[in-house]
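Shown here: my_file.txt, compact mmCIF, C-alpha atoms and all ligand atoms.
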```txt
# COMPACT_ATOMS: atom_id res chain seq x y z
CA MET A 118 20.29 -82.58 88.43
CA THR A 119 19.55 -78.98 89.25
CA ASN A 120 17.76 -76.62 86.94
CA VAL A 121 19.35 -73.58 85.39
CA THR A 122 16.98 -70.66 85.76
CA PHE A 123 16.33 -67.75 83.44
CA ILE A 124 14.49 -64.47 83.72
CA ILE A 125 13.53 -62.63 80.56
CA ILE A 126 12.97 -58.88 80.58
CA GLU A 127 11.53 -57.76 77.28
CA LYS A 128 8.73 -55.40 76.29
CA SER A 129 7.61 -57.29 73.22
CA TYR A 130 5.25 -60.15 73.96
CA LEU A 131 6.17 -61.88 70.71
CA ILE A 132 9.88 -61.85 71.47
CA ARG A 133 9.36 -62.98 75.07
CA LYS A 134 7.16 -65.85 73.97
CA GLY A 135 9.52 -66.85 71.18
CA LEU A 136 12.64 -66.83 73.31
CA THR A 137 10.87 -68.74 76.06
CA SER A 138 9.92 -71.52 73.70
CA VAL A 139 13.51 -71.78 72.47
CA ILE A 140 14.96 -71.92 75.99
CA GLU A 141 12.43 -74.51 77.04
CA LYS A 142 13.84 -76.82 74.39
CA ILE A 143 17.09 -77.06 76.35
CA PRO A 144 16.88 -79.76 79.01
CA THR A 145 17.38 -78.66 82.63
CA THR A 146 16.48 -75.07 81.88
CA GLN A 147 13.62 -73.24 83.39
CA ILE A 148 12.12 -69.82 82.79
CA VAL A 149 11.42 -68.47 86.21
CA GLN A 150 9.49 -65.45 85.08
CA GLN A 151 9.02 -62.98 82.29
CA PHE A 152 8.87 -59.24 82.81
CA GLU A 153 8.24 -56.26 80.60
CA THR A 154 10.65 -53.95 82.43
CA ALA A 155 13.46 -54.16 84.97
CA GLU A 156 11.38 -52.20 87.49
CA GLU A 157 8.80 -54.92 87.43
CA LEU A 158 11.44 -57.50 88.18
CA ASN A 159 12.85 -55.44 91.06
CA ALA A 160 9.40 -55.31 92.60
CA SER A 161 9.03 -59.07 92.52
CA ILE A 162 10.23 -61.36 95.26
CA ASN A 163 12.20 -63.82 93.24
CA SER A 164 15.96 -63.35 93.49
CA ASP A 165 17.27 -66.84 92.88
CA VAL A 166 18.17 -66.82 89.22
CA ASP A 167 21.18 -67.83 87.15
CA PHE A 168 20.74 -65.78 83.99
CA ILE A 169 18.89 -62.61 83.12
CA ILE A 170 18.23 -61.97 79.45
CA CYS A 171 17.39 -58.37 78.69
CA SER A 172 17.95 -55.47 76.36
CA PRO A 173 20.93 -53.29 77.43
CA ASP A 174 18.77 -50.25 78.22
CA GLN A 175 17.08 -52.22 81.03
CA VAL A 176 20.28 -52.90 82.93
CA VAL A 177 20.46 -49.37 84.39
CA SER A 178 17.23 -49.89 86.29
CA LEU A 179 18.02 -53.42 87.37
CA SER A 180 18.58 -53.68 91.14
CA LYS A 181 22.06 -54.45 92.52
CA GLU A 182 20.90 -57.72 94.00
CA PHE A 183 20.13 -59.14 90.58
CA LYS A 184 23.23 -57.72 88.94
CA GLN A 185 25.39 -59.45 91.53
CA ASN A 186 23.63 -62.79 91.67
CA ALA A 187 22.88 -63.42 88.04
CA GLN A 188 24.83 -63.38 84.79
CA LEU A 189 23.55 -60.97 82.19
CA ILE A 190 22.80 -61.86 78.59
CA SER A 191 22.01 -59.07 76.14
CA LEU A 192 19.09 -59.25 73.74
CA THR A 193 19.31 -56.86 70.80
CA ALA A 194 19.26 -56.50 67.07
CA LYS A 195 22.68 -57.10 65.52
CA SER A 196 22.86 -53.48 64.44
CA SER A 197 22.35 -51.90 67.86
CA LYS A 198 25.20 -50.75 70.08
CA ILE A 199 25.83 -52.65 73.28
CA SER A 200 27.50 -50.89 76.17
CA ALA A 201 30.88 -52.43 76.92
CA LYS A 202 30.71 -51.18 80.51
CA ILE A 203 28.49 -54.07 81.44
CA ASN A 204 29.97 -57.46 81.97
CA TRP A 205 27.90 -59.48 79.51
CA ALA A 206 28.10 -63.25 79.71
CA GLU A 207 26.71 -63.60 76.19
CA HIS A 208 24.87 -61.76 73.44
CA ILE A 209 21.71 -63.00 71.77
CA TYR A 210 20.64 -61.27 68.58
CA LEU A 211 17.14 -61.07 67.21
CA GLU A 212 18.58 -62.34 63.94
CA ASP A 213 20.01 -65.51 65.55
CA THR A 214 18.64 -68.85 64.44
CA GLN A 215 17.20 -71.24 67.00
CA LYS A 216 20.31 -73.39 66.65
CA GLN A 217 22.62 -70.45 67.36
CA ILE A 218 20.70 -69.42 70.44
CA ILE A 219 20.66 -72.96 71.81
CA LYS A 220 24.40 -73.29 71.19
CA LYS A 221 25.21 -70.03 72.95
CA LEU A 222 23.10 -70.93 75.96
CA ASN A 223 24.32 -74.50 76.12
CA ASP A 224 27.91 -73.29 76.24
CA LEU A 225 27.04 -70.95 79.09
CA ILE A 226 25.18 -73.63 80.98
CA GLY A 227 28.02 -76.07 80.42
CA ASN A 228 30.49 -73.64 81.96
CA LYS A 229 28.28 -73.05 84.89
CA THR A 230 27.49 -76.66 85.75
CA GLN A 231 31.15 -77.57 85.41
CA LYS A 232 32.13 -74.84 87.83
CA ASP A 233 29.55 -76.07 90.29
CA SER A 234 30.70 -79.64 90.15
CA VAL A 235 34.29 -78.78 91.01
CA SER A 236 33.30 -77.61 94.44
CA GLU A 237 30.92 -80.42 95.33
CA LEU A 238 29.73 -83.85 94.34
CA PRO A 239 26.52 -83.62 92.38
CA GLU A 240 23.29 -85.01 93.82
CA GLU A 241 24.69 -87.07 96.69
CA ILE A 242 24.85 -85.14 99.91
CA SER A 243 28.21 -85.10 101.66
CA LYS A 244 28.96 -86.54 105.06
CA ARG A 245 29.06 -83.02 106.52
CA GLU A 246 25.76 -82.12 104.94
CA ALA A 247 24.22 -85.31 106.29
CA ASP A 248 25.37 -84.26 109.77
CA ILE A 249 23.77 -80.89 109.38
CA LEU A 250 20.61 -82.34 107.89
CA LYS A 251 20.34 -84.65 110.88
CA ASN A 252 20.49 -81.71 113.26
CA ILE A 253 17.94 -79.73 111.27
CA ALA A 254 15.61 -82.71 111.49
CA LEU A 255 16.17 -82.91 115.22
CA GLY A 256 14.82 -79.39 115.43
CA TYR A 257 17.99 -77.39 116.08
CA SER A 258 18.38 -73.82 114.84
CA ASN A 259 21.24 -72.66 112.62
CA LYS A 260 22.94 -71.06 115.61
CA GLU A 261 22.65 -74.21 117.72
CA ILE A 262 23.99 -76.37 114.90
CA ALA A 263 26.92 -74.01 114.40
CA ASP A 264 27.79 -74.23 118.09
CA LYS A 265 27.47 -78.00 118.17
CA LEU A 266 29.67 -78.59 115.14
CA PHE A 267 32.15 -75.78 115.85
CA ILE A 268 31.48 -73.95 112.59
CA SER A 269 30.07 -70.50 111.81
CA THR A 270 26.37 -69.86 111.33
CA HIS A 271 27.21 -68.65 107.85
CA THR A 272 28.68 -72.05 107.00
CA VAL A 273 25.55 -73.76 108.28
CA VAL A 274 23.42 -71.55 106.04
CA THR A 275 25.59 -72.39 103.02
CA HIS A 276 25.30 -76.10 103.75
CA ARG A 277 21.54 -75.76 104.11
CA LYS A 278 21.28 -74.09 100.74
CA ASN A 279 23.25 -76.91 99.15
CA ILE A 280 21.17 -79.58 100.85
CA THR A 281 17.96 -77.96 99.62
CA ARG A 282 19.31 -77.64 96.11
CA LYS A 283 20.49 -81.24 95.97
CA LEU A 284 17.41 -82.84 97.46
CA GLY A 285 14.75 -80.52 96.07
CA ILE A 286 13.30 -80.08 99.54
CA LYS A 287 12.96 -76.61 101.03
CA THR A 288 11.16 -76.77 104.36
CA VAL A 289 12.22 -78.17 107.73
CA PRO A 290 9.33 -80.65 107.97
CA GLY A 291 10.18 -81.83 104.44
CA LEU A 292 13.84 -82.30 105.33
CA THR A 293 12.79 -84.12 108.47
CA ILE A 294 10.85 -86.69 106.47
CA TYR A 295 13.84 -87.17 104.20
CA ALA A 296 16.07 -87.70 107.23
CA ILE A 297 13.73 -90.32 108.66
CA LEU A 298 13.27 -92.14 105.34
CA ASN A 299 17.04 -92.30 104.97
CA LYS A 300 17.54 -93.35 108.58
CA LEU A 301 19.57 -90.30 109.51
CA ILE A 302 17.34 -89.98 112.54
CA ASP A 303 14.75 -92.11 114.23
CA ILE A 304 11.04 -91.25 113.93
CA ASN A 305 10.80 -90.81 117.69
CA ASP A 306 13.63 -88.29 117.81
CA SER A 307 12.27 -85.79 115.32
CA GLY A 308 11.40 -82.40 116.73
CA GLN A 309 8.90 -81.62 114.02
CA LEU A 310 6.76 -84.61 113.38
CA THR A 311 5.94 -86.02 116.76
CA MET B 172 -6.42 -69.22 72.72
CA LEU B 173 -8.05 -66.27 74.41
CA ILE B 174 -11.57 -66.95 75.64
CA THR B 175 -14.01 -64.23 74.61
CA ARG B 176 -17.57 -63.36 75.56
CA ASN B 177 -19.13 -64.77 72.41
CA ILE B 178 -17.68 -68.25 72.76
CA LYS B 179 -20.05 -70.95 73.95
CA MET B 180 -19.56 -71.65 77.63
CA ALA B 181 -19.53 -75.36 76.81
CA ASP B 182 -16.54 -74.80 74.54
CA VAL B 183 -14.65 -73.13 77.36
CA ILE B 184 -14.75 -76.41 79.23
CA HIS B 185 -13.85 -78.40 76.13
CA LEU B 186 -10.90 -76.11 75.62
CA ASN B 187 -9.57 -76.75 79.11
CA TYR B 188 -11.50 -78.79 81.60
CA PHE B 189 -9.67 -77.26 84.55
CA THR B 190 -11.92 -74.24 83.98
CA LEU B 191 -14.66 -76.23 85.69
CA THR B 192 -13.07 -75.15 88.96
CA VAL B 193 -13.42 -71.50 87.98
CA LEU B 194 -17.04 -71.95 86.94
CA ASN B 195 -17.77 -73.51 90.31
CA ARG B 196 -16.22 -70.59 92.12
CA PHE B 197 -18.44 -68.19 90.23
CA GLY B 198 -21.46 -70.29 91.12
CA ILE B 199 -22.11 -71.24 87.50
CA GLU B 200 -23.72 -74.64 87.16
CA LEU B 201 -23.63 -77.03 84.22
CA GLY B 202 -26.54 -77.47 81.82
CA PHE B 203 -26.24 -74.16 79.97
CA GLY B 204 -26.78 -75.67 76.52
CA ASP B 205 -25.27 -73.62 73.73
CA LYS B 206 -25.40 -70.28 75.53
CA SER B 207 -22.44 -67.95 75.16
CA VAL B 208 -20.12 -66.98 77.99
CA GLU B 209 -21.82 -63.60 78.14
CA ASP B 210 -25.33 -65.03 78.37
CA VAL B 211 -24.43 -67.59 80.99
CA CYS B 212 -22.74 -64.88 83.04
CA LYS B 213 -25.88 -62.76 82.78
CA MET B 214 -28.00 -65.71 83.96
CA TYR B 215 -25.89 -66.10 87.05
CA GLN B 216 -25.38 -62.36 87.58
CA VAL B 217 -21.66 -62.71 87.11
CA ASP B 218 -19.58 -59.81 85.76
CA ALA B 219 -18.61 -61.19 82.35
CA ASP B 220 -15.49 -59.01 81.96
CA PHE B 221 -14.14 -60.13 85.28
CA PHE B 222 -15.02 -63.77 84.61
CA LEU B 223 -13.21 -63.65 81.28
CA GLU B 224 -10.02 -62.21 82.73
CA ILE B 225 -10.00 -64.69 85.59
CA VAL B 226 -10.67 -67.70 83.39
CA ASN B 227 -8.06 -66.59 80.84
CA THR B 228 -5.33 -66.07 83.43
CA PHE B 229 -6.25 -69.44 84.89
CA VAL B 230 -5.85 -71.21 81.57
CA ASP B 231 -2.75 -69.43 80.27
CA LYS B 232 -0.07 -68.68 82.81
CA ASP B 233 1.53 -66.17 80.47
CA TYR B 234 -1.65 -64.15 80.16
CA PHE B 235 -1.90 -61.73 83.05
CA PRO B 236 -3.42 -58.31 82.30
CA LYS B 237 -2.49 -56.80 85.67
CA LYS B 238 -3.62 -53.29 84.84
CA HIS B 239 -7.04 -54.36 83.63
CA LEU B 240 -7.53 -56.73 86.56
CA GLN B 241 -6.75 -53.86 88.92
CA THR B 242 -9.69 -51.88 87.55
CA PHE B 243 -12.32 -54.26 88.96
CA PRO B 244 -14.04 -53.44 92.26
CA VAL B 245 -12.34 -54.85 95.35
CA LYS B 246 -15.49 -56.73 96.25
CA LEU B 247 -15.35 -58.73 93.01
CA ILE B 248 -11.72 -59.63 93.56
CA THR B 249 -12.01 -60.57 97.22
CA ASN B 250 -15.19 -62.54 96.53
CA TYR B 251 -13.36 -64.66 94.01
CA LEU B 252 -10.40 -65.12 96.35
CA GLN B 253 -12.77 -66.06 99.15
CA LYS B 254 -14.54 -68.61 96.96
CA THR B 255 -11.16 -70.06 96.07
CA HIS B 256 -10.27 -70.44 99.75
CA ASP B 257 -13.57 -72.24 100.29
CA ASP B 258 -12.82 -74.55 97.39
CA TYR B 259 -9.44 -75.45 98.92
CA HIS B 260 -10.90 -76.25 102.29
CA GLN B 261 -14.07 -77.95 101.11
CA ASN B 262 -12.76 -79.89 98.10
CA LYS B 263 -9.10 -79.90 97.27
CA VAL B 264 -7.62 -80.45 100.74
CA PRO B 265 -10.14 -83.15 101.78
CA GLU B 266 -9.48 -84.98 98.51
CA ILE B 267 -5.74 -85.09 99.24
CA GLU B 268 -6.39 -86.16 102.81
CA PHE B 269 -8.62 -88.94 101.55
CA LEU B 270 -5.96 -90.21 99.17
CA ILE B 271 -3.26 -90.17 101.85
CA GLU B 272 -5.58 -91.97 104.22
CA GLN B 273 -6.18 -94.63 101.57
CA MET B 274 -2.45 -94.98 101.13
CA VAL B 275 -2.03 -95.53 104.85
CA ASN B 276 -4.77 -98.14 104.87
CA SER B 277 -3.57 -100.03 101.83
CA CYS B 278 0.02 -100.27 102.96
CA TYR B 279 1.25 -102.95 105.33
CA THR B 280 5.01 -103.01 105.05
CA GLN B 281 5.80 -99.36 105.59
CA LYS B 282 2.81 -97.84 107.28
CA ASP B 283 5.08 -95.83 109.56
CA LYS B 284 6.48 -93.96 106.57
CA ILE B 285 3.16 -93.13 104.97
CA VAL B 286 2.00 -91.95 108.37
CA LEU B 287 4.78 -89.35 108.14
CA LEU B 288 3.20 -87.98 104.98
CA LYS B 289 -0.14 -87.86 106.69
CA LYS B 290 1.28 -85.88 109.59
CA PHE B 291 3.13 -83.59 107.21
CA PHE B 292 -0.01 -82.82 105.26
CA ASN B 293 -2.02 -82.37 108.42
CA ASP B 294 0.37 -79.64 109.55
CA TYR B 295 0.20 -78.12 106.11
CA LYS B 296 -3.57 -78.05 106.22
CA GLN B 297 -3.42 -76.11 109.47
CA GLU B 298 -0.94 -73.69 107.97
CA LEU B 299 -3.14 -73.12 104.94
CA LEU B 300 -6.13 -72.61 107.19
CA ASN B 301 -4.28 -69.97 109.23
CA HIS B 302 -3.13 -68.29 106.05
CA THR B 303 -6.59 -67.97 104.52
CA LYS B 304 -8.21 -67.12 107.85
CA ARG B 305 -5.85 -64.20 108.32
CA GLU B 306 -6.72 -62.93 104.84
CA GLU B 307 -10.44 -63.30 105.39
CA GLU B 308 -10.48 -61.73 108.84
CA VAL B 309 -7.91 -58.97 108.41
CA VAL B 310 -6.83 -58.35 104.84
CA PHE B 311 -10.07 -58.52 102.86
CA PRO B 312 -12.06 -56.34 105.30
CA TYR B 313 -9.19 -53.84 105.24
CA THR B 314 -9.16 -53.65 101.44
CA LEU B 315 -12.91 -53.11 101.38
CA ALA B 316 -12.65 -50.31 103.93
CA ILE B 317 -9.93 -48.65 101.89
CA GLU B 318 -12.00 -48.82 98.74
CA LYS B 319 -15.01 -47.34 100.52
CA ALA B 320 -12.94 -44.43 101.82
CA TYR B 321 -11.40 -43.97 98.39
CA LEU B 322 -14.80 -43.70 96.73
CA SER B 323 -16.37 -41.33 99.25
CA ASP B 324 -15.82 -37.59 98.80
CA LYS B 325 -15.16 -36.69 102.41
CA PRO B 326 -12.14 -37.99 104.31
CA ASP B 327 -12.98 -40.71 106.77
CA GLN B 328 -11.20 -40.36 110.10
CA SER B 329 -11.70 -43.98 111.11
CA VAL B 330 -10.01 -45.24 107.95
CA LEU B 331 -7.04 -42.98 108.55
CA LYS B 332 -6.80 -44.43 112.05
CA LEU B 333 -6.96 -47.89 110.54
CA MET B 334 -4.20 -47.02 108.10
CA GLU B 335 -1.95 -46.05 110.99
CA THR B 336 -2.10 -49.57 112.37
CA TYR B 337 -2.21 -51.58 109.16
CA SER B 338 -1.32 -51.15 105.52
CA ILE B 339 -1.31 -53.33 102.44
CA ASP B 340 2.50 -53.37 102.59
CA VAL B 341 2.27 -55.12 105.95
CA PHE B 342 0.23 -57.78 104.23
CA GLN B 343 2.69 -58.07 101.40
CA ASN B 344 5.54 -58.58 103.84
CA GLU B 345 3.78 -61.14 106.00
CA HIS B 346 2.25 -62.98 103.04
CA ASP B 347 4.19 -66.22 103.04
CA ASN B 348 4.77 -68.69 100.29
CA ILE B 349 2.16 -71.32 100.96
CA GLU B 350 3.22 -73.49 98.00
CA GLU B 351 6.65 -74.47 99.33
CA LYS B 352 5.55 -77.40 101.43
CA LEU B 353 3.52 -78.86 98.58
CA PHE B 354 6.63 -78.74 96.46
CA ASP B 355 8.49 -80.70 99.15
CA LEU B 356 5.73 -83.23 99.50
CA LYS B 357 5.71 -83.84 95.75
CA ASN B 358 9.44 -84.40 95.69
CA ILE B 359 9.35 -86.75 98.67
CA ILE B 360 6.75 -88.88 96.91
CA ILE B 361 8.43 -88.72 93.51
CA LYS B 362 12.01 -89.19 94.61
CA TYR B 363 12.32 -90.60 98.08
CA LEU B 364 9.36 -92.67 99.20
CA PRO B 365 10.68 -96.23 99.07
CA GLN B 366 9.07 -99.06 97.10
CA PRO B 367 6.80 -100.89 97.22
CA LYS B 368 4.09 -98.30 97.11
CA ASN B 369 0.65 -98.23 95.62
CA SER B 370 1.48 -96.46 92.38
CA LYS B 371 -2.12 -95.87 91.36
CA LEU B 372 -2.78 -94.01 94.56
CA CYS B 373 0.57 -92.23 94.36
CA ASN B 374 -0.23 -90.97 90.89
CA LYS B 375 -3.63 -89.72 91.93
CA LEU B 376 -2.15 -88.01 94.94
CA LEU B 377 0.59 -86.37 92.89
CA PHE B 378 -1.96 -85.19 90.40
CA GLU B 379 -3.95 -83.50 93.15
CA LEU B 380 -0.82 -81.98 94.68
CA PHE B 381 0.34 -80.52 91.36
CA ASN B 382 -3.14 -79.20 90.82
CA LEU B 383 -3.40 -77.52 94.22
CA GLU B 384 0.08 -76.06 93.89
CA GLN B 385 -0.70 -74.51 90.54
CA ASP B 386 -4.02 -73.21 91.76
CA LEU B 387 -2.31 -71.60 94.74
CA ASN B 388 0.21 -69.98 92.41
CA ASP B 389 -2.60 -68.48 90.38
CA HIS B 390 -4.36 -67.39 93.55
CA SER B 391 -1.33 -65.75 95.18
CA ARG B 392 -0.59 -63.96 91.94
CA ILE B 393 -4.00 -62.27 92.08
CA GLU B 394 -3.39 -61.29 95.69
CA GLU B 395 0.10 -59.93 95.15
CA LYS B 396 -0.08 -58.49 91.66
CA VAL B 397 -3.67 -57.26 91.56
CA LEU B 398 -5.05 -56.63 95.03
CA VAL B 399 -1.86 -55.27 96.64
CA PRO B 400 -0.98 -52.65 93.97
CA LYS B 401 -4.61 -51.63 93.64
CA ILE B 402 -4.96 -50.97 97.36
CA ARG B 403 -1.54 -49.33 97.59
CA GLN B 404 -2.61 -46.84 94.96
CA MET B 405 -5.83 -46.11 96.85
CA GLU B 406 -3.97 -45.68 100.13
CA LYS B 407 -1.72 -43.14 98.48
CA ILE B 408 -4.63 -41.11 97.13
CA ILE B 409 -6.48 -41.21 100.44
CA THR B 410 -3.40 -39.96 102.30
CA GLU B 411 -2.81 -37.21 99.76
CA GLY B 412 -6.45 -36.17 99.81
CA PHE B 413 -6.35 -35.90 103.56
CA ALA B 414 -3.18 -33.81 103.48
CA GLN B 415 -4.92 -31.36 101.14
CA THR B 416 -7.99 -30.83 103.31
CA LYS B 417 -5.83 -30.04 106.32
FE FE C 1 -5.64 -66.17 99.66
FE FE C 2 -2.57 -65.72 100.24
```

Show this structure as structure tokens.
Amino acid sequence: MTNVTFIIIEKSYLIRKGLTSVIEKIPTTQIVQQFETAEELNASINSDVDFIICSPDQVVSLSKEFKQNAQLISLTAKSSKISAKINWAEHIYLEDTQKQIIKKLNDLIGNKTQKDSVSELPEEISKREADILKNIALGYSNKEIADKLFISTHTVVTHRKNITRKLGIKTVPGLTIYAILNKLIDINDSGQLT
Amino acid sequence: MLITRNIKMADVIHLNYFTLTVLNRFGIELGFGDKSVEDVCKMYQVDADFFLEIVNTFVDKDYFPKKHLQTFPVKLITNYLQKTHDDYHQNKVPEIEFLIEQMVNSCYTQKDKIVLLKKFFNDYKQELLNHTKREEEVVFPYTLAIEKAYLSDKPDQSVLKLMETYSIDVFQNEHDNIEEKLFDLKNIIIKYLPQPKNSKLCNKLLFELFNLEQDLNDHSRIEEKVLVPKIRQMEKIITEGFAQTK
């Protein structure tokens, strides 16, 4: 199972801490990082995130990259105005109970994981992905794999991302070991580990 | 709980025994009786403020007073980073190597697979060595030179020359994520290494891998969130100062 990742942008330490402890109660969730302002987040390297929870006034300074890749969740008091221009996935209010927050987030996560599972089988890697994994382990580059399998480099990159997400292995040497352990390639054939 | 200068040093360890690593890096040895953090620091000529911030960030991953950390002299920061590198190479890495070696030796049915782990970690060790060597030979000396120029009242031509060929942003861009492979190794052992395996050894090994990974996270955070912004700020002021004297 893959983790759903959150970033919290919030000036108040108390609120950040509190919200984090609520989110951590939901299985398969993970707080990637906490920031005081959107600028701080922009300056960081992390861009792989599913949800960003922040107060509406931070969205203006949030970089495009994050706005496109992540869904936004507002964090305000019930009384404050929330700009309708932004495409909010959900609203969390400071007055919400723990139960309410968990319900809202669970619904969101449920939607997301369902969407993901339509396009691919969870956990198991597909036949195509196994083919690509095999070639990675043999030491071929994305371009070479694309040429060999008559697909675009972009497609190879997408497959690689999925393989990494499913297996929880990020590096080529790591993937190579996986390929050998699962007999996709022979120890003597590996480009990396000989 | 935030550790403060009046707490007994012994209680710091009771609070979280992982702090022993930090004490080692500051050269503080055991046997300090009931002395406070401040007194023990004085004994070992350690800057108590700096020690406190380092030990607190080490214990609580949510505590990270960037701005305050950036106020400490570069020498203090790089010294601690250097000591941490030494600890990796002298203690943490050899310990992991030892455990993997034991796994190889105690396994008969699938030696070839454990040997893969050994090779993997060997490559990783080399990578880590290159990483820290580059920092020690290029980055740390550069940051010290920048600080020296920053503190002196007359512009230093040689530092300006140096800044033409290198800058802290170059470091930030080339600074790669050294934790990734450890993450992979953990997952391979947890999820994919076939049975039977020596679970006692596996557990010990995993424990050490988690520990090193977390330590590296803490370490990289100091490099990227404390040292880099601090030096960038100094670079800016040096460049501006030079433009004015022209
Ligand atoms: Fe380092
Ligand atoms: Fe580093």

*Any idea what's packed within 10 Å of Tyr251 of chain B, counting all atoms listed in the file, ignoring anything in its chain fewer than 6 positions away? Could you give it as a PyMOL selection string?*
chain B and resi 193+196-197+221-222+225+245+257+390+393

*Kindly give the distance, in Å, that separates atom CA of Phe243 of chain B and atom CA of Asn159 of chain A, rounded to a single decimal.*
25.3 Å

*Around ligand FE 2 (chain C), at most 7 Å away and counting all atoms listed in the file, which residues are there? Put them as a ChimeraX atom specification, please.*
/B:302-303,306,346,391,394

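Nearest residue to ligand FE 1 (chain C) among B:Val397, B:Ile409, B:Ile184, B:Leu299 is B:Leu299, counting only C-alpha atoms and all ligand atoms.
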
*So which residues are near ligand FE 1 (chain C), meaning at most 12 Å away with all atoms listed in the file counted, given back as an MDAnalysis selection string?*
chainID B and resid 248:260 299:311 342:343 346:350 386:395 398:399

Save out the residues we just selected, C-alpha atoms, as an mmCIF file, in the frame of the given file.
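Below is the file that was written, selection.cif:
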```
data_model
loop_
_atom_site.group_PDB
_atom_site.id
_atom_site.type_symbol
_atom_site.label_atom_id
_atom_site.label_comp_id
_atom_site.auth_asym_id
_atom_site.auth_seq_id
_atom_site.Cartn_x
_atom_site.Cartn_y
_atom_site.Cartn_z
ATOM 1 C CA ILE B 248 -11.720 -59.630 93.560
ATOM 2 C CA THR B 249 -12.010 -60.570 97.220
ATOM 3 C CA ASN B 250 -15.190 -62.540 96.530
ATOM 4 C CA TYR B 251 -13.360 -64.660 94.010
ATOM 5 C CA LEU B 252 -10.400 -65.120 96.350
ATOM 6 C CA GLN B 253 -12.770 -66.060 99.150
ATOM 7 C CA LYS B 254 -14.540 -68.610 96.960
ATOM 8 C CA THR B 255 -11.160 -70.060 96.070
ATOM 9 C CA HIS B 256 -10.270 -70.440 99.750
ATOM 10 C CA ASP B 257 -13.570 -72.240 100.290
ATOM 11 C CA ASP B 258 -12.820 -74.550 97.390
ATOM 12 C CA TYR B 259 -9.440 -75.450 98.920
ATOM 13 C CA HIS B 260 -10.900 -76.250 102.290
ATOM 14 C CA LEU B 299 -3.140 -73.120 104.940
ATOM 15 C CA LEU B 300 -6.130 -72.610 107.190
ATOM 16 C CA ASN B 301 -4.280 -69.970 109.230
ATOM 17 C CA HIS B 302 -3.130 -68.290 106.050
ATOM 18 C CA THR B 303 -6.590 -67.970 104.520
ATOM 19 C CA LYS B 304 -8.210 -67.120 107.850
ATOM 20 C CA ARG B 305 -5.850 -64.200 108.320
ATOM 21 C CA GLU B 306 -6.720 -62.930 104.840
ATOM 22 C CA GLU B 307 -10.440 -63.300 105.390
ATOM 23 C CA GLU B 308 -10.480 -61.730 108.840
ATOM 24 C CA VAL B 309 -7.910 -58.970 108.410
ATOM 25 C CA VAL B 310 -6.830 -58.350 104.840
ATOM 26 C CA PHE B 311 -10.070 -58.520 102.860
ATOM 27 C CA PHE B 342 0.230 -57.780 104.230
ATOM 28 C CA GLN B 343 2.690 -58.070 101.400
ATOM 29 C CA HIS B 346 2.250 -62.980 103.040
ATOM 30 C CA ASP B 347 4.190 -66.220 103.040
ATOM 31 C CA ASN B 348 4.770 -68.690 100.290
ATOM 32 C CA ILE B 349 2.160 -71.320 100.960
ATOM 33 C CA GLU B 350 3.220 -73.490 98.000
ATOM 34 C CA ASP B 386 -4.020 -73.210 91.760
ATOM 35 C CA LEU B 387 -2.310 -71.600 94.740
ATOM 36 C CA ASN B 388 0.210 -69.980 92.410
ATOM 37 C CA ASP B 389 -2.600 -68.480 90.380
ATOM 38 C CA HIS B 390 -4.360 -67.390 93.550
ATOM 39 C CA SER B 391 -1.330 -65.750 95.180
ATOM 40 C CA ARG B 392 -0.590 -63.960 91.940
ATOM 41 C CA ILE B 393 -4.000 -62.270 92.080
ATOM 42 C CA GLU B 394 -3.390 -61.290 95.690
ATOM 43 C CA GLU B 395 0.100 -59.930 95.150
ATOM 44 C CA LEU B 398 -5.050 -56.630 95.030
ATOM 45 C CA VAL B 399 -1.860 -55.270 96.640
#
```

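Among the candidate residues B:Met180, B:Leu383, B:Met405, B:Leu353, the one lying nearest to Ile286 of chain A is B:Leu353, with distances computed using all atoms listed in the file.
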
*Find the residue from A:Ile126, A:Leu255, A:Val273, A:Ile262 that sits nearest to Ile304 of chain A; use all atoms listed in the file when measuring.*
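Checking each candidate against Ile304 of chain A, we get A:Leu255 as the closest.
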
*Counting all atoms listed in the file, collect the residues of chain A whose closest atom lies at most 7 Å from chain B, and write them out as a list of chain:residue names.*
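Close to chain B, chain A has A:Gly285, A:Ile286, A:Lys287, A:Thr288, A:Pro290, A:Gly291, A:Ile294, A:Leu310.
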
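Distance check against Leu186 of chain B using all atoms listed in the file: of B:Glu200, B:Asp210, B:Asp327, B:Asp231, the minimum falls on B:Asp231.
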
*Excluding segment 330-336 of chain B and any residue of its chain fewer than 3 positions from it, enumerate the residues within 9 Å of it, using only C-alpha atoms, and give them as a VMD selection string.*
chain B and resid 313 316 to 317 320 326 to 327 339 406 409 to 410 413

*Taking (-7.6, -50.7, 84.0) in the file's coordinates as the center, which residues reach within 12 Å of it, counting all atoms listed in the file, put as number ranges by chain?*
B: 220-221, 224, 236-244, 397, 401

Export of prior selection with C-alpha atoms as an mmCIF file, in the frame of the given file:
```cif
data_model
loop_
_atom_site.group_PDB
_atom_site.id
_atom_site.type_symbol
_atom_site.label_atom_id
_atom_site.label_comp_id
_atom_site.auth_asym_id
_atom_site.auth_seq_id
_atom_site.Cartn_x
_atom_site.Cartn_y
_atom_site.Cartn_z
ATOM 1 C CA ASP B 220 -15.490 -59.010 81.960
ATOM 2 C CA PHE B 221 -14.140 -60.130 85.280
ATOM 3 C CA GLU B 224 -10.020 -62.210 82.730
ATOM 4 C CA PRO B 236 -3.420 -58.310 82.300
ATOM 5 C CA LYS B 237 -2.490 -56.800 85.670
ATOM 6 C CA LYS B 238 -3.620 -53.290 84.840
ATOM 7 C CA HIS B 239 -7.040 -54.360 83.630
ATOM 8 C CA LEU B 240 -7.530 -56.730 86.560
ATOM 9 C CA GLN B 241 -6.750 -53.860 88.920
ATOM 10 C CA THR B 242 -9.690 -51.880 87.550
ATOM 11 C CA PHE B 243 -12.320 -54.260 88.960
ATOM 12 C CA PRO B 244 -14.040 -53.440 92.260
ATOM 13 C CA VAL B 397 -3.670 -57.260 91.560
ATOM 14 C CA LYS B 401 -4.610 -51.630 93.640
#
```
